[in-house]
$ cat protein_2.txt   # compact mmCIF, C-alpha atoms
# COMPACT_ATOMS: atom_id res chain seq x y z
CA MET V 396 -14.72 31.93 -8.85
CA GLY V 397 -15.41 29.66 -5.89
CA GLN V 398 -18.66 28.44 -7.44
CA LEU V 399 -16.92 27.69 -10.75
CA ILE V 400 -14.45 25.46 -8.90
CA VAL V 401 -17.29 23.64 -7.12
CA ASP V 402 -19.27 23.19 -10.38
CA PHE V 403 -16.24 21.84 -12.29
CA SER V 404 -15.42 19.38 -9.52
CA ASN V 405 -19.01 18.12 -9.34
CA TRP V 406 -19.18 17.71 -13.14
CA ILE V 407 -15.94 15.80 -13.63
CA TRP V 408 -16.65 13.45 -10.72
CA ASP V 409 -20.25 12.78 -11.74
CA THR V 410 -19.49 10.22 -14.47
CA PRO V 411 -16.06 10.62 -16.15
CA MET V 412 -14.03 9.82 -13.01
CA LEU V 413 -16.40 7.09 -11.88
CA VAL V 414 -15.85 5.27 -15.17
CA LEU V 415 -12.12 5.93 -15.27
CA LEU V 416 -11.17 5.05 -11.67
CA MET V 417 -13.77 2.44 -10.71
CA GLY V 418 -14.14 0.97 -14.23
CA GLY V 419 -10.43 1.11 -15.01
CA GLY V 420 -9.51 -0.27 -11.58
CA LEU V 421 -11.98 -3.14 -11.98
CA LEU V 422 -10.51 -3.91 -15.40
CA LEU V 423 -7.00 -4.08 -13.90
CA PHE V 424 -8.27 -6.15 -10.96
CA LEU V 425 -9.76 -8.76 -13.30
CA TYR V 426 -6.80 -8.62 -15.72
CA SER V 427 -4.40 -9.32 -12.84
CA GLY V 428 -6.29 -12.51 -11.97
CA PHE V 429 -7.32 -11.11 -8.56
CA LEU V 430 -3.63 -10.60 -7.69
CA PRO V 431 -4.27 -8.38 -4.61
CA PHE V 432 -6.05 -11.30 -2.93
CA ARG V 433 -3.71 -14.05 -4.10
CA HIS V 434 -0.43 -12.38 -3.15
CA LEU V 435 -1.36 -10.29 -0.10
CA GLY V 436 0.69 -12.54 2.22
CA HIS V 437 3.84 -12.18 0.11
CA ALA V 438 3.35 -8.41 0.00
CA ILE V 439 3.24 -8.27 3.80
CA LYS V 440 6.49 -10.28 4.00
CA LEU V 441 8.20 -7.83 1.67
CA VAL V 442 7.49 -4.89 4.00
CA SER V 443 9.87 -6.40 6.57
CA GLY V 444 12.74 -5.20 4.39
CA LYS V 445 14.12 -8.72 3.98
CA PHE V 446 14.71 -8.20 0.26
CA ASP V 447 15.97 -4.59 0.43
CA ASP V 448 19.31 -3.76 -1.17
CA GLN V 449 20.75 -0.36 -0.25
CA ASN V 450 23.09 -0.47 -3.27
CA MET V 451 20.24 -0.22 -5.76
CA PRO V 452 19.54 3.09 -7.58
CA GLY V 453 17.08 5.35 -5.80
CA GLN V 454 16.88 7.58 -2.72
CA ILE V 455 14.91 5.58 -0.11
CA SER V 456 14.01 1.98 0.82
CA SER V 457 10.76 0.35 -0.31
CA THR V 458 9.49 0.34 3.28
CA GLN V 459 10.24 4.05 3.62
CA ALA V 460 8.43 4.61 0.32
CA LEU V 461 5.36 2.79 1.67
CA SER V 462 5.55 4.80 4.91
CA ALA V 463 5.79 8.06 3.00
CA ALA V 464 2.90 7.04 0.72
CA ILE V 465 0.76 6.02 3.70
CA ALA V 466 1.71 9.26 5.46
CA ALA V 467 0.08 11.05 2.53
CA THR V 468 -2.99 8.80 2.39
CA VAL V 469 -3.62 7.83 6.01
CA GLY V 470 -4.48 11.32 7.05
CA LEU V 471 -7.38 13.70 7.09
CA GLY V 472 -8.99 11.80 4.23
CA ASN V 473 -9.62 9.09 6.81
CA ILE V 474 -10.92 11.39 9.54
CA SER V 475 -12.49 14.30 7.73
CA GLY V 476 -13.05 12.64 4.35
CA VAL V 477 -15.07 9.78 5.85
CA ALA V 478 -17.21 12.28 7.75
CA ILE V 479 -17.83 14.23 4.53
CA ALA V 480 -18.76 10.98 2.74
CA ILE V 481 -21.31 10.02 5.41
CA ASN V 482 -22.66 13.56 5.63
CA MET V 483 -23.17 13.75 1.85
CA GLY V 484 -24.00 10.14 0.94
CA GLY V 485 -25.05 8.40 4.12
CA PRO V 486 -23.60 5.13 5.48
CA GLY V 487 -23.80 3.47 2.05
CA ALA V 488 -20.97 5.69 0.77
CA ILE V 489 -18.58 3.68 2.98
CA PHE V 490 -19.43 0.46 1.11
CA TRP V 491 -18.45 2.08 -2.17
CA MET V 492 -15.26 3.35 -0.54
CA TRP V 493 -14.49 -0.32 0.24
CA MET V 494 -15.13 -1.35 -3.36
CA SER V 495 -12.92 1.48 -4.58
CA ALA V 496 -10.17 0.30 -2.23
CA PHE V 497 -10.16 -3.29 -3.53
CA VAL V 498 -9.93 -2.23 -7.16
CA GLY V 499 -7.53 0.50 -6.02
CA MET V 500 -5.12 -2.17 -4.75
CA ALA V 501 -4.87 -3.51 -8.29
CA THR V 502 -4.47 0.00 -9.69
CA LYS V 503 -1.63 0.76 -7.27
CA TYR V 504 0.03 -2.55 -8.01
CA PHE V 505 0.14 -1.81 -11.74
CA SER V 506 1.00 1.90 -11.47
CA CYS V 507 3.79 1.46 -8.89
CA THR V 508 5.29 -1.52 -10.73
CA LEU V 509 5.47 0.73 -13.80
CA ALA V 510 7.07 3.49 -11.68
CA ILE V 511 10.15 1.27 -11.22
CA MET V 512 9.98 -0.33 -14.67
CA PHE V 513 10.04 3.02 -16.47
CA ARG V 514 12.10 5.40 -14.39
CA GLY V 515 13.65 8.47 -15.94
CA LYS V 516 16.38 10.93 -15.02
CA ASP V 517 16.17 14.65 -14.40
CA ALA V 518 18.66 17.24 -15.71
CA ASN V 519 21.02 16.44 -12.81
CA GLY V 520 21.08 12.75 -13.71
CA GLU V 521 19.07 11.81 -10.61
CA VAL V 522 16.82 8.75 -11.01
CA GLN V 523 13.15 9.78 -10.87
CA GLY V 524 9.85 7.92 -11.00
CA GLY V 525 6.17 8.72 -11.39
CA PRO V 526 3.42 8.81 -14.04
CA MET V 527 5.13 11.58 -16.01
CA TYR V 528 8.25 9.42 -16.48
CA VAL V 529 6.21 6.25 -17.07
CA ILE V 530 4.35 8.02 -19.88
CA GLU V 531 7.49 9.44 -21.50
CA GLU V 532 9.73 6.38 -21.07
CA GLY V 533 7.10 3.67 -21.48
CA MET V 534 4.71 5.14 -24.06
CA GLY V 535 7.10 7.38 -25.99
CA LYS V 536 7.80 11.08 -26.51
CA LYS V 537 4.64 11.63 -28.55
CA TRP V 538 2.63 11.10 -25.34
CA LYS V 539 4.53 13.81 -23.46
CA PRO V 540 1.52 16.19 -23.35
CA LEU V 541 -0.07 13.72 -20.93
CA SER V 542 3.03 13.98 -18.72
CA VAL V 543 2.78 17.76 -18.77
CA LEU V 544 -0.95 17.63 -17.96
CA PHE V 545 -0.29 15.38 -14.98
CA SER V 546 2.52 17.58 -13.69
CA VAL V 547 0.61 20.86 -14.01
CA ALA V 548 -2.39 19.38 -12.16
CA GLY V 549 0.02 17.91 -9.59
CA VAL V 550 1.65 21.26 -8.86
CA LEU V 551 -1.80 22.67 -8.00
CA GLY V 552 -3.65 19.62 -6.67
CA LEU V 553 -0.95 18.46 -4.27
CA LEU V 554 -0.98 21.56 -2.14
CA ALA V 555 -1.73 21.00 1.55
CA ILE V 556 -4.68 23.41 1.67
CA PHE V 557 -7.22 20.78 2.77
CA GLN V 558 -4.98 19.58 5.61
CA ALA V 559 -4.32 23.16 6.71
CA ASN V 560 -8.03 23.97 6.60
CA GLN V 561 -9.14 20.98 8.68
CA LEU V 562 -6.28 21.15 11.18
CA THR V 563 -7.11 24.80 11.77
CA ALA V 564 -10.78 23.87 12.30
CA VAL V 565 -10.05 21.22 14.90
CA LEU V 566 -7.48 23.30 16.82
CA ARG V 567 -9.88 26.23 17.00
CA THR V 568 -12.79 24.01 18.06
CA VAL V 569 -10.88 22.12 20.77
CA LEU V 570 -8.50 24.71 22.18
CA LEU V 571 -10.00 28.12 21.56
CA GLN V 572 -13.77 28.14 21.18
CA PRO V 573 -14.69 26.40 24.49
CA ASN V 574 -12.78 29.12 26.35
CA ASN V 575 -14.04 31.99 24.15
CA LEU V 576 -10.49 32.68 22.99
CA ASP V 577 -11.21 32.44 19.27
CA SER V 578 -10.96 35.80 17.54
CA GLY V 579 -12.06 34.60 14.10
CA ASP V 580 -9.77 35.19 11.13
CA THR V 581 -6.87 36.33 13.33
CA THR V 582 -6.45 32.85 14.86
CA LYS V 583 -6.70 31.26 11.41
CA TRP V 584 -3.78 33.36 10.22
CA ILE V 585 -1.74 32.59 13.34
CA LEU V 586 -2.37 28.85 13.05
CA GLY V 587 -1.66 28.91 9.31
CA ILE V 588 1.69 30.65 9.77
CA SER V 589 2.62 28.27 12.62
CA MET V 590 1.88 25.23 10.44
CA MET V 591 3.91 26.73 7.61
CA LEU V 592 6.98 27.10 9.85
CA ILE V 593 6.74 23.53 11.20
CA VAL V 594 6.39 22.05 7.71
CA ALA V 595 9.28 24.17 6.44
CA VAL V 596 11.71 22.56 8.92
CA VAL V 597 11.03 19.12 7.43
CA ILE V 598 10.41 19.64 3.71
CA LEU V 599 13.40 21.88 3.09
CA GLY V 600 15.54 18.85 4.02
CA GLY V 601 14.38 16.92 0.93
CA ILE V 602 12.91 13.43 0.41
CA LYS V 603 15.35 11.69 2.77
CA ARG V 604 14.29 13.83 5.72
CA ILE V 605 10.62 13.55 4.71
CA ALA V 606 10.88 9.74 4.48
CA MET V 607 12.74 9.53 7.80
CA VAL V 608 10.13 11.59 9.65
CA ALA V 609 7.23 9.78 7.92
CA SER V 610 8.61 6.32 8.77
CA LYS V 611 8.57 7.30 12.45
CA LEU V 612 5.26 9.19 12.49
CA VAL V 613 3.14 6.71 10.50
CA PRO V 614 3.32 3.73 12.93
CA PHE V 615 2.71 6.09 15.87
CA MET V 616 -0.27 7.87 14.37
CA VAL V 617 -1.96 4.70 13.07
CA GLY V 618 -1.39 2.95 16.43
CA LEU V 619 -2.76 5.87 18.46
CA TYR V 620 -5.82 6.23 16.28
CA PHE V 621 -6.47 2.48 16.17
CA ILE V 622 -6.33 2.11 19.97
CA THR V 623 -8.60 5.11 20.56
CA VAL V 624 -11.21 3.86 18.07
CA ILE V 625 -11.16 0.33 19.52
CA ILE V 626 -11.83 1.78 23.00
CA ILE V 627 -14.86 3.60 21.57
CA MET V 628 -16.10 0.55 19.67
CA ILE V 629 -15.96 -1.61 22.81
CA GLN V 630 -18.56 0.69 24.37
CA TYR V 631 -20.93 0.06 21.45
CA ILE V 632 -19.81 -3.47 20.58
CA GLY V 633 -23.36 -4.82 20.47
CA ASP V 634 -24.32 -2.34 17.76
CA VAL V 635 -21.37 -3.00 15.42
CA PRO V 636 -23.08 -5.77 13.35
CA GLU V 637 -26.13 -3.53 12.89
CA MET V 638 -23.95 -0.65 11.65
CA LEU V 639 -22.09 -2.89 9.20
CA LYS V 640 -25.45 -4.11 7.90
CA LEU V 641 -26.62 -0.48 7.57
CA ILE V 642 -23.55 0.35 5.45
CA VAL V 643 -24.26 -2.52 3.03
CA VAL V 644 -28.04 -2.00 2.83
CA ASP V 645 -27.79 1.76 2.35
CA ALA V 646 -25.23 1.26 -0.43
CA PHE V 647 -27.96 -0.25 -2.60
CA THR V 648 -30.93 1.83 -1.47
CA GLY V 649 -29.41 5.30 -1.09
CA ASN V 650 -31.99 6.09 1.59
CA ALA V 651 -29.75 8.72 3.16
CA VAL V 652 -29.19 10.82 0.06
CA MET V 653 -31.25 12.48 -2.65
CA GLY V 654 -34.39 10.39 -2.13
CA GLY V 655 -32.80 7.04 -2.85
CA ALA V 656 -30.31 7.96 -5.59
CA VAL V 657 -27.91 5.01 -5.44
CA GLY V 658 -25.78 6.53 -8.21
CA ALA V 659 -25.11 9.58 -6.05
CA VAL V 660 -23.96 7.33 -3.19
CA ILE V 661 -21.53 5.50 -5.51
CA VAL V 662 -20.08 8.78 -6.82
CA ILE V 663 -19.60 10.15 -3.29
CA GLY V 664 -17.96 6.93 -2.09
CA ALA V 665 -15.62 6.73 -5.09
CA ARG V 666 -14.74 10.42 -4.82
CA ARG V 667 -13.86 10.25 -1.14
CA ALA V 668 -11.96 6.96 -1.61
CA ALA V 669 -9.85 8.59 -4.32
CA PHE V 670 -8.94 11.39 -1.92
CA SER V 671 -8.35 8.91 0.89
CA ASN V 672 -6.14 6.28 -0.78
CA GLU V 673 -5.21 8.10 -4.01
CA ALA V 674 -5.22 4.90 -6.09
CA GLY V 675 -5.16 5.87 -9.75
CA ILE V 676 -4.34 9.51 -9.02
CA GLY V 677 -0.61 8.98 -9.52
CA THR V 678 0.90 10.26 -6.28
CA ALA V 679 2.15 6.97 -4.79
CA PRO V 680 4.10 6.03 -7.95
CA MET V 681 6.18 9.18 -7.49
CA VAL V 682 7.47 8.15 -4.07
CA HIS V 683 7.66 4.42 -4.86
CA GLY V 684 9.60 5.32 -8.00
CA ALA V 685 12.30 6.76 -5.72
CA SER V 686 12.86 3.48 -3.83
CA LYS V 687 16.07 1.47 -3.98
CA ASN V 688 14.59 -1.46 -5.83
CA ASN V 689 15.37 -3.17 -9.12
CA GLU V 690 12.36 -5.50 -8.91
CA PRO V 691 9.34 -3.57 -10.28
CA VAL V 692 6.84 -6.25 -9.24
CA ARG V 693 8.15 -6.28 -5.70
CA GLU V 694 7.60 -2.53 -5.42
CA GLY V 695 4.09 -2.89 -6.81
CA LEU V 696 3.22 -5.56 -4.23
CA ILE V 697 4.42 -3.35 -1.38
CA ALA V 698 2.54 -0.35 -2.78
CA MET V 699 -0.79 -2.19 -3.04
CA LEU V 700 -0.90 -2.51 0.77
CA GLY V 701 -1.55 1.24 0.94
CA PRO V 702 -5.26 1.23 -0.05
CA PHE V 703 -5.91 -1.77 2.21
CA ILE V 704 -4.43 -0.10 5.30
CA ASP V 705 -5.86 3.28 4.43
CA THR V 706 -9.44 2.55 3.39
CA ILE V 707 -10.38 -0.96 4.47
CA VAL V 708 -8.88 -0.55 7.96
CA VAL V 709 -8.61 3.10 8.99
CA CYS V 710 -11.61 4.55 7.11
CA THR V 711 -13.85 1.75 8.37
CA LEU V 712 -12.84 2.46 11.97
CA THR V 713 -13.68 6.15 11.56
CA ALA V 714 -17.01 5.36 9.92
CA LEU V 715 -18.02 2.99 12.71
CA VAL V 716 -17.30 5.61 15.38
CA ILE V 717 -19.46 8.18 13.56
CA LEU V 718 -22.28 5.70 12.96
CA LEU V 719 -22.20 4.06 16.41
CA THR V 720 -22.42 7.37 18.26
CA GLY V 721 -25.26 8.58 16.00
CA VAL V 722 -23.77 12.05 15.53
CA TRP V 723 -24.26 11.83 11.75
CA GLU V 724 -28.02 12.08 12.34
CA SER V 725 -28.06 14.44 15.32
CA THR V 726 -25.69 17.23 14.36
CA GLU V 727 -25.17 19.65 11.47
CA ASN V 728 -21.39 19.48 11.81
CA ASP V 729 -19.42 18.50 8.71
CA GLY V 730 -15.88 17.36 7.98
CA VAL V 731 -13.55 16.94 10.91
CA LYS V 732 -16.04 18.59 13.29
CA LEU V 733 -18.43 15.66 12.78
CA THR V 734 -15.73 13.16 13.74
CA LEU V 735 -14.82 15.40 16.67
CA SER V 736 -18.43 15.28 17.89
CA ALA V 737 -18.36 11.46 17.75
CA PHE V 738 -15.14 11.23 19.79
CA GLU V 739 -16.41 13.70 22.37
CA MET V 740 -19.71 11.84 22.75
CA ALA V 741 -17.98 8.47 23.17
CA LEU V 742 -15.13 9.70 25.38
CA PRO V 743 -16.41 12.81 27.20
CA GLY V 744 -13.76 15.19 28.42
CA PHE V 745 -10.73 13.76 26.67
CA GLY V 746 -11.94 12.21 23.39
CA LYS V 747 -11.62 15.49 21.57
CA TYR V 748 -8.02 15.89 22.73
CA LEU V 749 -7.06 12.41 21.51
CA LEU V 750 -8.58 13.18 18.11
CA MET V 751 -6.86 16.55 18.05
CA LEU V 752 -3.50 14.85 18.59
CA ALA V 753 -4.25 12.30 15.85
CA VAL V 754 -5.37 15.04 13.45
CA LEU V 755 -2.23 17.05 14.23
CA VAL V 756 0.07 14.13 13.38
CA PHE V 757 -2.04 13.01 10.39
CA ALA V 758 -2.16 16.50 8.90
CA LEU V 759 1.51 17.32 9.36
CA SER V 760 2.75 13.98 7.98
CA THR V 761 0.53 14.45 4.92
CA MET V 762 1.81 17.99 4.44
CA PHE V 763 5.39 16.71 4.48
CA THR V 764 4.77 14.07 1.80
CA TYR V 765 2.58 16.21 -0.45
CA SER V 766 5.40 18.72 -0.73
CA TYR V 767 7.60 16.00 -2.23
CA TYR V 768 4.92 15.06 -4.76
CA GLY V 769 4.43 18.65 -5.89
CA HIS V 770 8.19 19.20 -5.97
CA LYS V 771 8.58 16.21 -8.33
CA CYS V 772 5.94 17.63 -10.68
CA PHE V 773 7.59 21.06 -10.65
CA ASN V 774 10.99 19.44 -11.23
CA TYR V 775 9.64 17.66 -14.31
CA LEU V 776 8.19 20.87 -15.76
CA PHE V 777 10.97 23.34 -14.99
CA GLY V 778 14.07 21.31 -14.07
CA PRO V 779 15.90 20.68 -10.78
CA LYS V 780 17.53 24.13 -10.65
CA LYS V 781 14.14 25.82 -10.28
CA ALA V 782 12.35 23.02 -8.41
CA ASN V 783 13.17 24.32 -4.94
CA TYR V 784 11.16 27.46 -5.63
CA TYR V 785 8.08 25.24 -5.44
CA ASN V 786 8.69 24.57 -1.74
CA TYR V 787 8.27 28.26 -0.93
CA PHE V 788 5.09 28.47 -3.00
CA TYR V 789 3.83 25.34 -1.22
CA LEU V 790 4.54 26.80 2.23
CA VAL V 791 2.68 30.05 1.47
CA THR V 792 -0.42 28.15 0.31
CA ILE V 793 -0.64 26.40 3.70
CA VAL V 794 -1.59 29.76 5.18
CA ALA V 795 -4.12 30.31 2.38
CA GLY V 796 -5.69 26.91 3.08
CA ALA V 797 -6.06 27.74 6.76
CA VAL V 798 -8.27 30.77 6.04
CA ALA V 799 -10.27 29.48 3.01
CA SER V 800 -13.75 27.89 3.06
CA LEU V 801 -14.01 24.07 3.28
CA GLU V 802 -16.27 23.66 0.23
CA VAL V 803 -13.97 25.53 -2.14
CA VAL V 804 -10.86 23.79 -0.79
CA VAL V 805 -12.36 20.29 -1.15
CA SER V 806 -13.70 21.02 -4.65
CA PHE V 807 -10.40 22.49 -5.88
CA ILE V 808 -8.38 19.48 -4.69
CA ASP V 809 -10.97 17.02 -6.02
CA GLY V 810 -10.92 18.74 -9.42
CA MET V 811 -7.13 18.61 -9.71
CA TYR V 812 -7.08 14.98 -8.56
CA ALA V 813 -9.48 14.17 -11.37
CA VAL V 814 -7.21 15.82 -13.95
CA MET V 815 -4.18 13.93 -12.57
CA ALA V 816 -6.07 10.62 -12.80
CA ILE V 817 -6.62 10.95 -16.56
CA PRO V 818 -2.96 10.51 -17.68
CA THR V 819 -2.22 8.11 -14.80
CA MET V 820 -5.01 5.68 -15.69
CA ILE V 821 -4.45 5.94 -19.45
CA SER V 822 -0.76 5.03 -19.07
CA THR V 823 -1.43 2.30 -16.50
CA ILE V 824 -4.02 0.53 -18.67
CA TYR V 825 -1.95 1.03 -21.84
CA LEU V 826 1.16 -0.55 -20.26
CA ALA V 827 -0.66 -3.20 -18.19
CA PRO V 828 0.48 -6.11 -20.44
CA LYS V 829 4.11 -5.31 -19.56
CA VAL V 830 3.27 -5.54 -15.85
CA LYS V 831 1.48 -8.86 -16.35
CA ALA V 832 4.47 -10.32 -18.20
CA ALA V 833 6.83 -9.08 -15.47
CA SER V 834 4.54 -10.57 -12.80
CA LYS V 835 4.66 -14.04 -14.35
CA ASP V 836 8.45 -13.87 -14.56
CA TYR V 837 8.81 -12.61 -10.96
CA PHE V 838 6.65 -15.25 -9.30
CA LYS V 839 8.24 -17.99 -11.40
CA ARG V 840 11.70 -16.90 -10.19
CA MET V 841 10.58 -16.52 -6.56
CA LYS V 842 9.11 -20.02 -6.52
CA ALA V 843 12.25 -21.48 -8.16
CA GLU V 844 14.42 -19.75 -5.53
CA LYS V 845 11.96 -20.82 -2.78
CA LYS V 846 11.47 -17.21 -1.70
CA TYR V 847 7.72 -17.30 -2.14
$ encode --input "protein_2.txt" --output "structure tokens"
Amino acid sequence: MGQLIVDFSNWIWDTPMLVLLMGGGLLLFLYSGFLPFRHLGHAIKLVSGKFDDQNMPGQISSTQALSAAIAATVGLGNISGVAIAINMGGPGAIFWMWMSAFVGMATKYFSCTLAIMFRGKDANGEVQGGPMYVIEEGMGKKWKPLSVLFSVAGVLGLLAIFQANQLTAVLRTVLLQPNNLDSGDTTKWILGISMMLIVAVVILGGIKRIAMVASKLVPFMVGLYFITVIIIMIQYIGDVPEMLKLIVVDAFTGNAVMGGAVGAVIVIGARRAAFSNEAGIGTAPMVHGASKNNEPVREGLIAMLGPFIDTIVVCTLTALVILLTGVWESTENDGVKLTLSAFEMALPGFGKYLLMLAVLVFALSTMFTYSYYGHKCFNYLFGPKKANYYNYFYLVTIVAGAVASLEVVVSFIDGMYAVMAIPTMISTIYLAPKVKAASKDYFKRMKAEKKY
């Protein structure tokens, strides 16, 4: 069964997803007139909350929505996912992660604008957003099978099994194994159950509690990680230009993978970028669709900052630490253990503890937000009365993720992400003209009111 999951994931990401996410994202990027570059400054101003109106329909503010979305994306995809990308595709994979991020900004702009433009209501009359509602409200009832496909894949693909797996790995490596206290599967079960209980305290309080915790954790975790990485980079500052050059050169030679197979490097970079920033997968529109905002374009502008912060900033910092310390060539470690080796080499004695703290906060914040995403999908399929049952299913799978193998976990999540991307990208491209028309109207009004 495990091998079937791995084979399916490898097949669907080999060409179909590369064309859909990278090709579709590039199409949206060009169609928008390079909007992510032209309006980045205005998007940053919007995050201040200056334009927020608490009387609008929705459950959370736009800034809280961005924090919750970043809590889901700025996580182990940036620490472990980058290490996996370098291990599988060499330094060049990072370049293609960058390219995926730039087109991903356009994808998120369009998809999250649509999440406000075409919101729906559940059986309780609560305003809801996300690709499933965009498809049904924006494209019509005949497209509902796409909504169902997205939601089924979301229920399975948005489990926190990867986060549980990698957090367990780093806690065992740092705290238990050096002191010979690790007793194998027993500690995995203990750590898995402990994580489940911590996550339960937050997610059973609903989106408002999740957003509140995320809005406090995200600035802390990004700041801590950023400072630690800068300290490491200062030690190797003279080698930074050479490493950046290596990333670019290897992207077009593929020297580090499969005897120069550039196509393989592109696939690996795009695949890891999708897991890292989730642009085109459809998760961010679910949380941005819950914001108190009646300006769809404004929400899209705020949302597009996610891939920039996540991939261009945080993933690059992680990659530089791994490349500068040389651990990617001198160790057989994979995933979070590779990043752990880099931190320990650069900051002997305490580097591993700083990374452990960052991983702990990253993983938990992601687990909190993913539960909301899966809950929304379950709510769409079975209604709000049964939706809370999903939380208990979600909590149990955290324990399962802690004891499963990394390869199967990564492949399962990647496969489900790919399935989720199909309806998300189809609806986003189909409805893109409506976003473009709304964009022209929005910027015209902002300039007339001298708010731009």
$ closest_residue --input "protein_2.txt" --among "V:Leu696, V:Ile407, V:Ile479, V:Val804" --to "V:Ile511" --atoms "only C-alpha atoms"
V:Leu696
$ closest_residue --input "protein_2.txt" --among "V:Val643, V:Ala782, V:Met751, V:Ala833" --to "V:Asp517" --atoms "all atoms listed in the file"
V:Ala782
$ closest_atom_pairs --input "protein_2.txt" --of "stretch 734-846 of chain V" --to "stretch 520-523 of chain V" --cutoff "10 Å" --atoms "only C-alpha atoms" --output "CSV"
residue,atom,partner,partner_atom,distance
V:Lys771,CA,V:Gln523,CA,8.3
V:Asn774,CA,V:Gln523,CA,9.9
V:Tyr775,CA,V:Gln523,CA,9.3
V:Pro779,CA,V:Glu521,CA,9.4
$ write_last_selection --input "protein_2.txt" --atoms "C-alpha atoms" --output "compact mmCIF listing (two decimals), keeping the file's coordinate frame"
# COMPACT_ATOMS: atom_id res chain seq x y z
CA LYS V 771 8.58 16.21 -8.33
CA ASN V 774 10.99 19.44 -11.23
CA TYR V 775 9.64 17.66 -14.31
CA PRO V 779 15.90 20.68 -10.78
$ closest_residue --input "protein_2.txt" --among "V:Ser589, V:Ser725, V:Ser760, V:Gln561" --to "V:Lys611" --atoms "all atoms listed in the file"
V:Ser760
$ closest_residue --input "protein_2.txt" --among "V:Leu441, V:Leu415, V:Ala669, V:Ala753" --to "V:Thr823" --atoms "all atoms listed in the file"
V:Leu415
$ atom_distance --input "protein_2.txt" --atom1 "atom CA of V:Ile605" --atom2 "atom CA of V:Thr819"
24.0 Å
$ atom_distance --input "protein_2.txt" --atom1 "atom CA of V:Gly552" --atom2 "atom CA of V:Ala795"
14.0 Å
$ atom_distance --input "protein_2.txt" --atom1 "atom CA of V:Ala741" --atom2 "atom CA of V:Val754"
17.2 Å
$ residues_around --input "protein_2.txt" --residues "V:Leu544" --least-positions-apart "4" --cutoff "9 Å" --atoms "only C-alpha atoms" --output "ChimeraX atom specification"
/V:527,539-540,548-549,814-815,817-818
$ residues_around --input "protein_2.txt" --residues "V:Ala827" --least-positions-apart "2" --cutoff "9 Å" --atoms "only C-alpha atoms" --output "compact mmCIF listing (two decimals) with C-alpha atoms, in the frame of the given file"
# COMPACT_ATOMS: atom_id res chain seq x y z
CA LEU V 423 -7.00 -4.08 -13.90
CA TYR V 426 -6.80 -8.62 -15.72
CA SER V 427 -4.40 -9.32 -12.84
CA PHE V 505 0.14 -1.81 -11.74
CA SER V 506 1.00 1.90 -11.47
CA LEU V 509 5.47 0.73 -13.80
CA SER V 822 -0.76 5.03 -19.07
CA THR V 823 -1.43 2.30 -16.50
CA ILE V 824 -4.02 0.53 -18.67
CA TYR V 825 -1.95 1.03 -21.84
CA LYS V 829 4.11 -5.31 -19.56
CA VAL V 830 3.27 -5.54 -15.85
CA LYS V 831 1.48 -8.86 -16.35
CA ALA V 832 4.47 -10.32 -18.20
$ residues_around --input "protein_2.txt" --residues "V:Gly684" --least-positions-apart "4" --cutoff "10 Å" --atoms "all atoms listed in the file" --output "ChimeraX atom specification"
/V:453-455,457,460,506-515,522-526,528-529,679-680,688,691,694-695
$ closest_residue --input "protein_2.txt" --among "V:Phe647, V:Phe615, V:Trp538, V:Trp723" --to "V:Val477" --atoms "all atoms listed in the file"
V:Trp723
$ residues_around --input "protein_2.txt" --residues "V:Glu637" --least-positions-apart "4" --cutoff "12 Å" --atoms "only C-alpha atoms" --output "ChimeraX atom specification"
/V:486,631-633,641-645,715,718-719
$ residues_near_point --input "protein_2.txt" --point "(-13.5, 1.8, 23.9)" --cutoff "12 Å" --atoms "all atoms listed in the file" --output "JSON, numbers by chain"
{"V": [620, 621, 622, 623, 624, 625, 626, 627, 628, 629, 630, 631, 632, 712, 716, 719, 720, 738, 740, 741, 742, 743, 746]}
$ write_last_selection --input "protein_2.txt" --atoms "C-alpha atoms" --output "mmCIF file, keeping the file's coordinate frame"
data_model
loop_
_atom_site.group_PDB
_atom_site.id
_atom_site.type_symbol
_atom_site.label_atom_id
_atom_site.label_comp_id
_atom_site.auth_asym_id
_atom_site.auth_seq_id
_atom_site.Cartn_x
_atom_site.Cartn_y
_atom_site.Cartn_z
ATOM 1 C CA TYR V 620 -5.820 6.230 16.280
ATOM 2 C CA PHE V 621 -6.470 2.480 16.170
ATOM 3 C CA ILE V 622 -6.330 2.110 19.970
ATOM 4 C CA THR V 623 -8.600 5.110 20.560
ATOM 5 C CA VAL V 624 -11.210 3.860 18.070
ATOM 6 C CA ILE V 625 -11.160 0.330 19.520
ATOM 7 C CA ILE V 626 -11.830 1.780 23.000
ATOM 8 C CA ILE V 627 -14.860 3.600 21.570
ATOM 9 C CA MET V 628 -16.100 0.550 19.670
ATOM 10 C CA ILE V 629 -15.960 -1.610 22.810
ATOM 11 C CA GLN V 630 -18.560 0.690 24.370
ATOM 12 C CA TYR V 631 -20.930 0.060 21.450
ATOM 13 C CA ILE V 632 -19.810 -3.470 20.580
ATOM 14 C CA LEU V 712 -12.840 2.460 11.970
ATOM 15 C CA VAL V 716 -17.300 5.610 15.380
ATOM 16 C CA LEU V 719 -22.200 4.060 16.410
ATOM 17 C CA THR V 720 -22.420 7.370 18.260
ATOM 18 C CA PHE V 738 -15.140 11.230 19.790
ATOM 19 C CA MET V 740 -19.710 11.840 22.750
ATOM 20 C CA ALA V 741 -17.980 8.470 23.170
ATOM 21 C CA LEU V 742 -15.130 9.700 25.380
ATOM 22 C CA PRO V 743 -16.410 12.810 27.200
ATOM 23 C CA GLY V 746 -11.940 12.210 23.390
#
